[in-house]
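Just data.cif here, mmCIF, C-alpha atoms and all ligand atoms:
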```cif
data_structure
#
loop_
_atom_site.label_atom_id
_atom_site.label_comp_id
_atom_site.auth_asym_id
_atom_site.auth_seq_id
_atom_site.Cartn_x
_atom_site.Cartn_y
_atom_site.Cartn_z
CA MET V 10 -52.96 -123.93 -53.98
CA THR V 11 -49.97 -123.56 -56.33
CA LYS V 12 -50.78 -124.13 -59.98
CA MET V 13 -48.81 -125.43 -62.97
CA LYS V 14 -49.28 -125.71 -66.72
CA ALA V 15 -50.16 -129.13 -68.19
CA VAL V 16 -51.78 -130.70 -71.24
CA VAL V 17 -54.75 -132.56 -69.83
CA LEU V 18 -56.59 -135.10 -71.98
CA GLU V 19 -60.23 -134.65 -71.02
CA LYS V 20 -61.84 -136.10 -74.16
CA THR V 21 -60.60 -137.92 -77.23
CA GLY V 22 -60.34 -136.25 -80.62
CA PRO V 23 -58.07 -134.68 -83.25
CA ALA V 24 -54.79 -132.92 -82.45
CA GLU V 25 -56.60 -129.56 -82.07
CA ILE V 26 -58.21 -130.63 -78.81
CA LEU V 27 -54.88 -130.40 -76.98
CA ARG V 28 -54.75 -127.29 -74.79
CA VAL V 29 -52.59 -126.15 -71.89
CA LYS V 30 -54.54 -125.87 -68.64
CA GLU V 31 -53.73 -124.58 -65.18
CA VAL V 32 -53.93 -127.51 -62.76
CA PRO V 33 -52.82 -128.04 -59.16
CA ARG V 34 -49.09 -128.56 -58.88
CA PRO V 35 -48.20 -131.87 -57.20
CA SER V 36 -46.91 -131.52 -53.66
CA SER V 37 -45.90 -133.67 -50.70
CA PRO V 38 -44.30 -136.74 -52.29
CA GLY V 39 -45.07 -140.04 -50.55
CA THR V 40 -42.18 -141.80 -48.81
CA GLU V 41 -41.11 -143.58 -52.03
CA GLU V 42 -42.08 -140.82 -54.48
CA VAL V 43 -40.29 -137.94 -56.16
CA ILE V 44 -41.48 -134.71 -57.73
CA VAL V 45 -39.63 -133.89 -60.94
CA LYS V 46 -39.51 -130.43 -62.44
CA MET V 47 -39.85 -131.27 -66.13
CA ALA V 48 -37.44 -129.86 -68.71
CA PHE V 49 -38.56 -131.77 -71.81
CA ALA V 50 -41.22 -134.36 -72.68
CA GLY V 51 -40.70 -136.87 -75.48
CA ILE V 52 -43.73 -137.50 -77.70
CA ASN V 53 -44.50 -141.11 -78.43
CA TYR V 54 -46.88 -142.66 -80.92
CA ALA V 55 -48.68 -143.97 -77.85
CA ASP V 56 -49.67 -140.37 -76.99
CA ILE V 57 -51.37 -140.06 -80.38
CA LEU V 58 -53.22 -143.30 -79.70
CA SER V 59 -54.22 -142.08 -76.22
CA ARG V 60 -55.58 -138.86 -77.67
CA LYS V 61 -57.67 -140.90 -80.12
CA GLY V 62 -58.91 -143.22 -77.35
CA MET V 63 -57.04 -146.19 -78.87
CA TYR V 64 -54.36 -146.87 -76.25
CA SER V 65 -55.36 -149.59 -73.83
CA TRP V 66 -52.49 -148.81 -71.39
CA ALA V 67 -53.63 -145.19 -70.91
CA PRO V 68 -55.14 -144.34 -67.52
CA LYS V 69 -58.76 -143.28 -67.18
CA ARG V 70 -59.45 -139.74 -68.46
CA PRO V 71 -58.94 -136.97 -67.51
CA PHE V 72 -55.16 -137.38 -67.26
CA ILE V 73 -52.05 -135.45 -68.20
CA LEU V 74 -50.56 -136.78 -71.44
CA GLY V 75 -46.96 -137.98 -71.79
CA ILE V 76 -45.07 -141.13 -70.91
CA GLU V 77 -41.46 -139.98 -71.07
CA GLY V 78 -39.28 -136.98 -70.45
CA SER V 79 -36.43 -135.47 -68.49
CA GLY V 80 -36.07 -132.98 -65.68
CA VAL V 81 -34.55 -132.44 -62.25
CA ILE V 82 -35.59 -133.73 -58.86
CA ALA V 83 -37.53 -130.97 -57.06
CA GLN V 84 -38.65 -132.94 -53.97
CA LYS V 85 -38.29 -136.50 -52.72
CA GLY V 86 -39.83 -138.77 -50.11
CA GLU V 87 -38.01 -139.89 -46.95
CA GLU V 88 -37.22 -143.34 -48.32
CA VAL V 89 -35.77 -142.21 -51.65
CA GLU V 90 -32.02 -142.69 -51.45
CA GLU V 91 -31.36 -143.25 -55.16
CA CYS V 92 -31.26 -139.55 -56.09
CA GLU V 93 -30.69 -136.07 -54.69
CA ILE V 94 -32.60 -132.80 -55.03
CA GLY V 95 -31.46 -131.02 -58.19
CA GLU V 96 -30.23 -134.22 -59.86
CA PRO V 97 -31.12 -134.59 -63.56
CA VAL V 98 -33.29 -137.63 -64.30
CA ILE V 99 -35.06 -139.54 -67.04
CA VAL V 100 -38.77 -140.21 -66.46
CA GLY V 101 -40.62 -143.21 -67.93
CA THR V 102 -44.20 -143.51 -66.74
CA GLN V 103 -47.83 -144.18 -67.66
CA SER V 104 -48.89 -140.50 -67.94
CA GLY V 105 -48.11 -136.96 -66.84
CA THR V 106 -44.92 -135.72 -68.55
CA TYR V 107 -46.60 -132.91 -70.61
CA ALA V 108 -46.52 -130.77 -67.47
CA GLU V 109 -44.27 -128.48 -65.46
CA TYR V 110 -44.08 -130.97 -62.59
CA ILE V 111 -44.77 -134.68 -62.18
CA LYS V 112 -45.05 -136.82 -59.07
CA VAL V 113 -43.97 -140.44 -59.63
CA HIS V 114 -42.84 -143.50 -57.73
CA LYS V 115 -39.04 -143.68 -57.56
CA SER V 116 -39.11 -146.76 -59.83
CA ARG V 117 -40.23 -144.52 -62.74
CA ILE V 118 -37.02 -142.49 -62.79
CA PHE V 119 -33.49 -143.27 -63.98
CA PRO V 120 -30.36 -141.14 -63.60
CA ALA V 121 -29.88 -138.91 -66.65
CA PHE V 122 -27.03 -139.95 -68.97
CA PRO V 123 -24.11 -137.66 -68.12
CA ASN V 124 -22.70 -135.61 -71.01
CA TYR V 125 -26.02 -135.86 -72.83
CA ALA V 126 -28.23 -132.75 -72.95
CA LEU V 127 -31.51 -132.91 -71.04
CA ARG V 128 -33.41 -132.76 -74.34
CA GLU V 129 -31.53 -135.90 -75.44
CA ASN V 130 -32.30 -137.59 -72.13
CA ALA V 131 -36.00 -136.93 -72.77
CA THR V 132 -35.88 -139.53 -75.58
CA ILE V 133 -34.22 -142.39 -73.69
CA ALA V 134 -37.13 -143.99 -71.82
CA GLY V 135 -39.42 -144.49 -74.82
CA SER V 136 -37.53 -145.24 -78.01
CA TYR V 137 -34.03 -146.30 -76.89
CA MET V 138 -35.24 -148.58 -74.09
CA THR V 139 -37.76 -150.19 -76.46
CA SER V 140 -35.06 -150.79 -79.08
CA MET V 141 -32.74 -152.27 -76.44
CA VAL V 142 -35.37 -154.69 -75.15
CA ALA V 143 -36.32 -155.64 -78.72
CA LEU V 144 -32.74 -156.32 -79.79
CA LYS V 145 -31.20 -157.76 -76.62
CA GLU V 146 -33.95 -159.38 -74.56
CA MET V 147 -36.38 -160.45 -77.24
CA ALA V 148 -34.47 -161.06 -80.51
CA ARG V 149 -31.19 -161.83 -78.66
CA VAL V 150 -29.21 -160.53 -81.62
CA ARG V 151 -25.67 -161.68 -82.41
CA GLN V 152 -22.91 -159.80 -84.16
CA GLY V 153 -22.98 -160.31 -87.93
CA GLU V 154 -26.74 -161.00 -88.10
CA THR V 155 -29.04 -159.11 -90.43
CA ILE V 156 -32.06 -157.04 -89.40
CA LEU V 157 -34.90 -155.37 -91.25
CA VAL V 158 -36.33 -152.35 -89.43
CA GLN V 159 -39.80 -151.34 -90.63
CA ALA V 160 -40.60 -147.59 -90.45
CA ALA V 161 -36.87 -147.04 -90.00
CA ALA V 162 -36.97 -143.23 -90.09
CA GLY V 163 -39.52 -142.95 -87.25
CA ALA V 164 -38.39 -142.40 -83.67
CA LEU V 165 -38.20 -146.09 -82.78
CA GLY V 166 -36.88 -147.06 -86.22
CA ILE V 167 -33.90 -144.72 -85.90
CA THR V 168 -32.93 -145.81 -82.38
CA THR V 169 -33.18 -149.45 -83.47
CA CYS V 170 -30.98 -148.85 -86.53
CA GLN V 171 -28.41 -146.95 -84.41
CA LEU V 172 -28.19 -149.66 -81.74
CA ALA V 173 -28.28 -152.56 -84.20
CA LYS V 174 -25.36 -151.05 -86.12
CA ALA V 175 -23.45 -150.54 -82.88
CA MET V 176 -24.07 -154.21 -82.00
CA GLY V 177 -22.48 -155.29 -85.28
CA LEU V 178 -25.60 -156.14 -87.27
CA LYS V 179 -26.16 -155.46 -90.95
CA VAL V 180 -29.15 -153.16 -91.12
CA ALA V 181 -31.88 -152.71 -93.73
CA GLY V 182 -34.76 -150.30 -93.21
CA THR V 183 -37.94 -149.17 -94.95
CA ALA V 184 -39.55 -145.73 -95.23
CA SER V 185 -42.19 -143.99 -97.32
CA LYS V 186 -40.54 -140.79 -98.55
CA GLU V 187 -37.37 -139.98 -100.46
CA LYS V 188 -36.24 -137.45 -97.78
CA LYS V 189 -36.39 -140.32 -95.25
CA ILE V 190 -34.50 -142.67 -97.57
CA THR V 191 -31.78 -140.05 -98.07
CA PHE V 192 -31.54 -139.62 -94.30
CA LEU V 193 -31.25 -143.39 -93.74
CA ARG V 194 -28.57 -143.73 -96.40
CA GLU V 195 -26.52 -140.60 -95.82
CA LYS V 196 -26.93 -139.73 -92.14
CA LEU V 197 -27.73 -143.04 -90.47
CA ARG V 198 -25.60 -144.97 -93.00
CA ILE V 199 -27.61 -148.17 -92.83
CA ASP V 200 -26.71 -150.91 -95.28
CA LEU V 201 -29.93 -150.91 -97.30
CA ALA V 202 -32.71 -148.28 -97.39
CA ILE V 203 -35.91 -149.31 -99.17
CA ASN V 204 -38.65 -146.91 -100.25
CA TYR V 205 -41.56 -149.31 -99.90
CA THR V 206 -43.84 -147.04 -101.92
CA THR V 207 -41.77 -147.61 -105.05
CA GLN V 208 -39.90 -150.83 -104.24
CA ASP V 209 -41.06 -154.28 -103.18
CA PHE V 210 -39.30 -154.79 -99.83
CA VAL V 211 -39.68 -158.59 -99.99
CA ARG V 212 -37.79 -158.72 -103.27
CA GLU V 213 -35.18 -156.21 -102.10
CA ILE V 214 -34.49 -158.16 -98.91
CA LYS V 215 -34.31 -161.48 -100.73
CA GLU V 216 -31.76 -159.98 -103.15
CA TRP V 217 -29.78 -158.33 -100.32
CA THR V 218 -29.53 -161.59 -98.38
CA ARG V 219 -29.02 -163.77 -101.50
CA GLY V 220 -32.31 -165.52 -100.93
CA LYS V 221 -31.69 -166.41 -97.28
CA GLY V 222 -33.84 -163.75 -95.59
CA VAL V 223 -33.02 -161.71 -92.50
CA ASN V 224 -32.34 -162.98 -88.99
CA VAL V 225 -34.48 -160.34 -87.30
CA VAL V 226 -37.34 -157.98 -88.20
CA LEU V 227 -38.49 -155.11 -86.00
CA GLU V 228 -42.13 -154.63 -86.96
CA SER V 229 -44.48 -151.85 -85.82
CA VAL V 230 -46.84 -151.30 -88.75
CA GLY V 231 -49.15 -154.34 -88.88
CA GLY V 232 -51.45 -155.53 -91.68
CA LYS V 233 -49.75 -156.51 -94.93
CA VAL V 234 -46.38 -155.18 -93.71
CA PHE V 235 -46.46 -157.71 -90.88
CA GLN V 236 -47.51 -160.56 -93.19
CA ASN V 237 -44.78 -159.71 -95.73
CA SER V 238 -42.22 -159.34 -92.93
CA LEU V 239 -42.83 -162.99 -92.03
CA ARG V 240 -41.97 -163.88 -95.64
CA VAL V 241 -38.47 -162.40 -95.36
CA LEU V 242 -37.43 -164.23 -92.19
CA ALA V 243 -34.49 -166.62 -92.50
CA PRO V 244 -34.77 -170.03 -90.80
CA THR V 245 -34.53 -169.45 -86.99
CA GLY V 246 -35.29 -165.77 -87.67
CA ARG V 247 -37.18 -163.71 -85.10
CA ILE V 248 -39.81 -161.06 -85.69
CA VAL V 249 -40.32 -158.63 -82.82
CA LEU V 250 -43.69 -156.93 -82.94
CA VAL V 251 -44.03 -153.72 -80.92
CA GLY V 252 -47.07 -152.04 -82.40
CA ALA V 253 -49.43 -151.75 -85.34
CA THR V 254 -49.29 -148.13 -86.44
CA SER V 255 -51.53 -148.77 -89.45
CA ILE V 256 -54.50 -149.55 -87.19
CA SER V 257 -56.93 -146.66 -87.02
CA TYR V 258 -60.64 -146.62 -86.21
CA SER V 259 -63.54 -144.65 -84.88
CA LYS V 260 -65.89 -146.45 -82.51
CA LYS V 261 -68.79 -144.74 -84.30
CA ASN V 262 -67.84 -146.24 -87.68
CA PRO V 263 -68.33 -150.04 -87.88
CA PHE V 264 -66.51 -150.24 -91.22
CA SER V 265 -63.41 -148.61 -89.70
CA LEU V 266 -63.56 -151.17 -86.86
CA TYR V 267 -63.66 -153.98 -89.42
CA LYS V 268 -60.71 -152.45 -91.31
CA ALA V 269 -58.75 -152.12 -88.05
CA TRP V 270 -59.53 -155.73 -87.16
CA ARG V 271 -58.08 -156.83 -90.51
CA GLN V 272 -54.83 -154.96 -89.76
CA ILE V 273 -54.22 -156.87 -86.51
CA PRO V 274 -51.08 -159.00 -86.91
CA ARG V 275 -51.92 -162.72 -86.90
CA VAL V 276 -49.73 -165.79 -87.20
CA ASN V 277 -50.35 -169.35 -88.15
CA LEU V 278 -48.09 -171.10 -85.66
CA LEU V 279 -48.03 -174.27 -87.77
CA LYS V 280 -46.37 -172.13 -90.45
CA ALA V 281 -43.92 -170.86 -87.83
CA ILE V 282 -42.98 -174.48 -87.09
CA ARG V 283 -42.69 -175.40 -90.76
CA ARG V 284 -40.60 -172.33 -91.64
CA SER V 285 -38.78 -172.32 -88.26
CA TYR V 286 -39.18 -168.75 -87.08
CA GLY V 287 -40.10 -167.04 -83.83
CA VAL V 288 -42.75 -164.39 -83.23
CA LEU V 289 -42.18 -162.13 -80.24
CA GLY V 290 -43.92 -159.11 -78.81
CA PHE V 291 -43.61 -156.85 -75.80
CA HIS V 292 -44.75 -153.56 -74.33
CA LEU V 293 -42.21 -151.36 -72.58
CA GLY V 294 -44.91 -149.82 -70.42
CA TRP V 295 -45.77 -153.23 -69.05
CA LEU V 296 -42.11 -153.87 -68.22
CA LEU V 297 -41.77 -150.44 -66.59
CA THR V 298 -44.66 -151.08 -64.26
CA SER V 299 -44.22 -154.81 -63.65
CA SER V 300 -40.53 -155.63 -64.07
CA ARG V 301 -38.22 -152.76 -63.30
CA GLU V 302 -35.53 -155.36 -62.41
CA ILE V 303 -35.37 -156.37 -66.09
CA LEU V 304 -34.88 -152.76 -67.19
CA THR V 305 -32.18 -151.71 -64.70
CA PRO V 306 -29.32 -153.67 -66.33
CA ILE V 307 -30.68 -152.82 -69.77
CA ILE V 308 -30.45 -149.08 -69.21
CA LYS V 309 -26.87 -149.53 -67.92
CA GLU V 310 -25.92 -151.46 -71.05
CA LEU V 311 -27.71 -148.92 -73.23
CA GLN V 312 -25.69 -146.12 -71.67
CA GLU V 313 -22.46 -148.02 -72.33
CA ILE V 314 -23.38 -148.64 -75.97
CA ILE V 315 -24.45 -145.11 -76.76
CA VAL V 316 -21.49 -143.50 -75.00
CA THR V 317 -18.93 -145.87 -76.51
CA ASN V 318 -20.34 -145.46 -80.01
CA ASP V 319 -21.05 -141.73 -79.63
CA ILE V 320 -24.70 -142.27 -80.54
CA HIS V 321 -26.99 -139.26 -80.21
CA PRO V 322 -30.76 -139.06 -80.46
CA VAL V 323 -32.11 -137.67 -83.71
CA ILE V 324 -34.44 -134.86 -82.68
CA ASP V 325 -36.77 -133.87 -85.49
CA ASN V 326 -38.40 -130.86 -83.87
CA VAL V 327 -38.84 -129.11 -80.54
CA PHE V 328 -42.23 -127.55 -79.75
CA THR V 329 -43.46 -125.70 -76.67
CA LEU V 330 -46.10 -127.13 -74.34
CA GLU V 331 -48.60 -124.70 -75.92
CA GLN V 332 -47.77 -126.21 -79.33
CA ALA V 333 -48.62 -129.79 -78.31
CA SER V 334 -51.26 -130.08 -81.05
CA GLU V 335 -48.76 -129.00 -83.69
CA ALA V 336 -46.31 -131.58 -82.34
CA HIS V 337 -48.96 -134.31 -82.57
CA ARG V 338 -49.84 -133.25 -86.12
CA ARG V 339 -46.20 -133.50 -87.18
CA ILE V 340 -46.17 -137.16 -86.13
CA GLU V 341 -49.59 -137.99 -87.52
CA THR V 342 -48.72 -136.57 -90.93
CA ARG V 343 -45.59 -138.77 -90.88
CA GLU V 344 -43.34 -135.79 -91.57
CA ASN V 345 -41.03 -136.47 -88.60
CA ILE V 346 -37.63 -138.03 -88.99
CA GLY V 347 -36.81 -139.11 -85.46
CA LYS V 348 -38.13 -137.73 -82.25
CA VAL V 349 -40.51 -134.85 -81.62
CA ILE V 350 -40.19 -133.30 -78.16
CA LEU V 351 -41.81 -130.59 -76.06
CA ALA V 352 -39.65 -128.00 -74.31
CA ILE V 353 -41.18 -127.28 -70.91
CA ASP V 354 -38.32 -125.51 -69.13
CA GLU V 355 -35.24 -125.22 -71.34
CA THR V 356 -33.39 -123.22 -68.67
CA LEU V 357 -32.88 -126.46 -66.70
CA GLU V 358 -30.55 -127.62 -69.47
CA THR V 359 -27.92 -124.94 -68.88
N1 LIG V 401 -44.22 -151.94 -77.61
C1 LIG V 401 -43.60 -150.88 -77.13
O1 LIG V 401 -43.17 -150.86 -75.99
C2 LIG V 401 -43.42 -149.67 -78.00
C3 LIG V 401 -42.58 -148.63 -77.60
C4 LIG V 401 -42.40 -147.54 -78.47
C5 LIG V 401 -43.09 -147.50 -79.68
N2 LIG V 401 -43.93 -148.51 -80.01
C6 LIG V 401 -44.68 -148.52 -81.29
O2 LIG V 401 -43.77 -148.39 -82.35
C7 LIG V 401 -44.38 -147.70 -83.42
C8 LIG V 401 -43.49 -146.54 -83.84
O3 LIG V 401 -43.44 -145.58 -82.81
P1 LIG V 401 -42.61 -144.23 -83.02
O4 LIG V 401 -42.64 -143.49 -81.77
O5 LIG V 401 -41.34 -144.54 -83.70
O6 LIG V 401 -43.57 -143.46 -84.06
P2 LIG V 401 -43.18 -142.50 -85.28
O7 LIG V 401 -41.93 -141.75 -85.03
O8 LIG V 401 -44.41 -141.73 -85.56
O9 LIG V 401 -42.92 -143.50 -86.49
C9 LIG V 401 -43.95 -144.24 -87.02
C10 LIG V 401 -43.74 -144.43 -88.52
O10 LIG V 401 -44.53 -145.54 -88.93
C11 LIG V 401 -44.74 -145.43 -90.32
N3 LIG V 401 -46.13 -145.78 -90.66
C12 LIG V 401 -46.48 -146.83 -91.43
N4 LIG V 401 -47.80 -146.89 -91.56
C13 LIG V 401 -48.32 -145.86 -90.87
C14 LIG V 401 -49.63 -145.38 -90.66
N5 LIG V 401 -50.70 -145.97 -91.21
N6 LIG V 401 -49.80 -144.27 -89.89
C15 LIG V 401 -48.74 -143.66 -89.33
N7 LIG V 401 -47.46 -144.08 -89.51
C16 LIG V 401 -47.25 -145.16 -90.29
C17 LIG V 401 -44.41 -143.98 -90.72
O11 LIG V 401 -43.17 -144.04 -91.42
P3 LIG V 401 -43.18 -144.04 -93.04
O12 LIG V 401 -43.80 -142.72 -93.44
O13 LIG V 401 -41.76 -144.14 -93.39
O14 LIG V 401 -44.02 -145.21 -93.44
C18 LIG V 401 -44.22 -143.28 -89.39
O15 LIG V 401 -43.33 -142.22 -89.48
C19 LIG V 401 -45.76 -147.29 -82.93
O16 LIG V 401 -46.68 -148.26 -83.38
C20 LIG V 401 -45.63 -147.35 -81.44
O17 LIG V 401 -46.85 -147.54 -80.79
C21 LIG V 401 -44.09 -149.59 -79.19
#
```
Would you encode the structure as structure tokens?
Ligand SMILES: NC(=O)c1ccc[n+]([C@@H]2O[C@H](COP(=O)([O-])OP(=O)(O)OC[C@H]3O[C@@H](n4cnc5c(N)ncnc54)[C@H](OP(=O)(O)O)[C@@H]3O)[C@@H](O)[C@H]2O)c1
Amino acid sequence: MTKMKAVVLEKTGPAEILRVKEVPRPSSPGTEEVIVKMAFAGINYADILSRKGMYSWAPKRPFILGIEGSGVIAQKGEEVEECEIGEPVIVGTQSGTYAEYIKVHKSRIFPAFPNYALRENATIAGSYMTSMVALKEMARVRQGETILVQAAAGALGITTCQLAKAMGLKVAGTASKEKKITFLREKLRIDLAINYTTQDFVREIKEWTRGKGVNVVLESVGGKVFQNSLRVLAPTGRIVLVGATSISYSKKNPFSLYKAWRQIPRVNLLKAIRRSYGVLGFHLGWLLTSSREILTPIIKELQEIIVTNDIHPVIDNVFTLEQASEAHRRIETRENIGKVILAIDETLET
């Protein structure tokens, strides 16, 4: 049996538990399946949650980590007409991209964006698609509107700021460190960058919008950040909730469970009526597995926007498969500005 290298999650725990293992290489794709030789895997916050046993969408352990990446088609089933052997593709799936090969249903792949490097294509399925759905399908943004992006220097924050700017929105974003604020101001050139550790973002947003509030908030932190984000919504504003990064717990520690419970975003819908705002939420994974027809036009539109506006992914760091624990630590310590990726076979890029 031919073997391959992969990062298999056998038990939950800290970043150090991640190790490369030799596992059987997938073979014989089903009629509607493809086998992709992976070039790069994008790391998502969801992978950190999976490793900690906190991600409800993760498959049953043991499984190979990784929900996005890029590579080339190595084999395909008889009924796969959408791609050819050797064609570069984007992979968006429930697990398995931290590996040399992955076997997936054809609905989990998209053609790679031409003129974008394979490492850039590894970041499309997770962050860019999520930002697109948040802005276009959920918030239904209009040119000239204002948006507040929480955790704006994270992977999802950056892609949301980039796309929102390209769609003609005025963009404000928050971050915790001065190096992130400098990046948001000088590199991303958003309209307002707020260091929420030294500034009160509610006051800053009220001043920025002359008391009106913003039309849209992209929220992924939870707890007080979510509650205060509701306070800065303009009438008919929309908050799009995609996660709650501040939630952390250990099943063995009841106090941590209580603390996590308190961080869960909650809304009083009577208040939403009185103040006239909308609360929206979605999970890209759910859409990938249940509603590919919603995502197909979105990825086309995304490609148009990023090509027309010459938008490129911000890649914070590239690690090897063997350095997966280091890559996870970089995200957990909140040092990353943008996307952390794993290089699996860089030669596929040339
Ligand atoms: N619903 C979906 O389909 C979907 C898709 C993609 C991502 N997400 C969610 O979106 C969020 C961001 O994902 P990402 O990939 O952009 O992650 P990321 O690059 O790690 O960014 C997350 C940022 O959140 C901020 N943060 C605030 N409180 C935190 C805490 N207690 N612990 C850690 N970080 C904290 C940090 O920025 P500061 O240091 O500046 O505070 C951190 O850099 C996650 O919750 C993820 O699960 C959801």
(request) Could you tell me which of V:Ala333, V:Met47, V:Ile282, V:Ala161 comes closest to ligand LIG 401 (chain V) if we count all atoms listed in the file? (result) V:Ala161
(message) What's around Glu88 in chain V at 7 Å? Count only C-alpha atoms, leave out sequence neighbours fewer than 2 positions away in its own chain, and write the answer as a list in words.
(response)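 Neighbouring residues, sequence-local ones excluded: Thr40, Glu41, Gly86 and Glu90 of chain V.
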(request) Can you tell me which residues come within 8 Å of ligand LIG 401 (chain V) when counting all atoms listed in the file, ideally as a PyMOL selection string? (result) chain V and resi 52-55+58+135-136+139-140+159-167+183-186+189+228-230+250-257+290-295+340-349
(request) Would you mind listing what lies within 8 Å of range 99-114 of chain V as number ranges by chain, with all atoms listed in the file counted and same-chain residues fewer than 4 positions away left out? (result) V: 13-16, 34-36, 38, 41-48, 50, 66-68, 72-80, 118-121, 130-131, 133-135, 294, 297-298, 330, 351, 353-354
(request) Using only C-alpha atoms, give me every residue within 7 Å of (-25.3, -144.5, -84.4) in file coordinates, as JSON, numbers by chain. (result) {"V": [171, 172, 174, 175, 197, 318, 319, 320, 321]}
(request) Could you tell me how far CA of Val288 in chain V lies from CA of Ile248 in chain V, in Å and to one decimal? (result) 5.1 Å
(request) One decimal, Å: what's the distance from CA of Arg338 in chain V over to CA of Gly22 in chain V, could you say? (result)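 It comes out at 12.2 Å.
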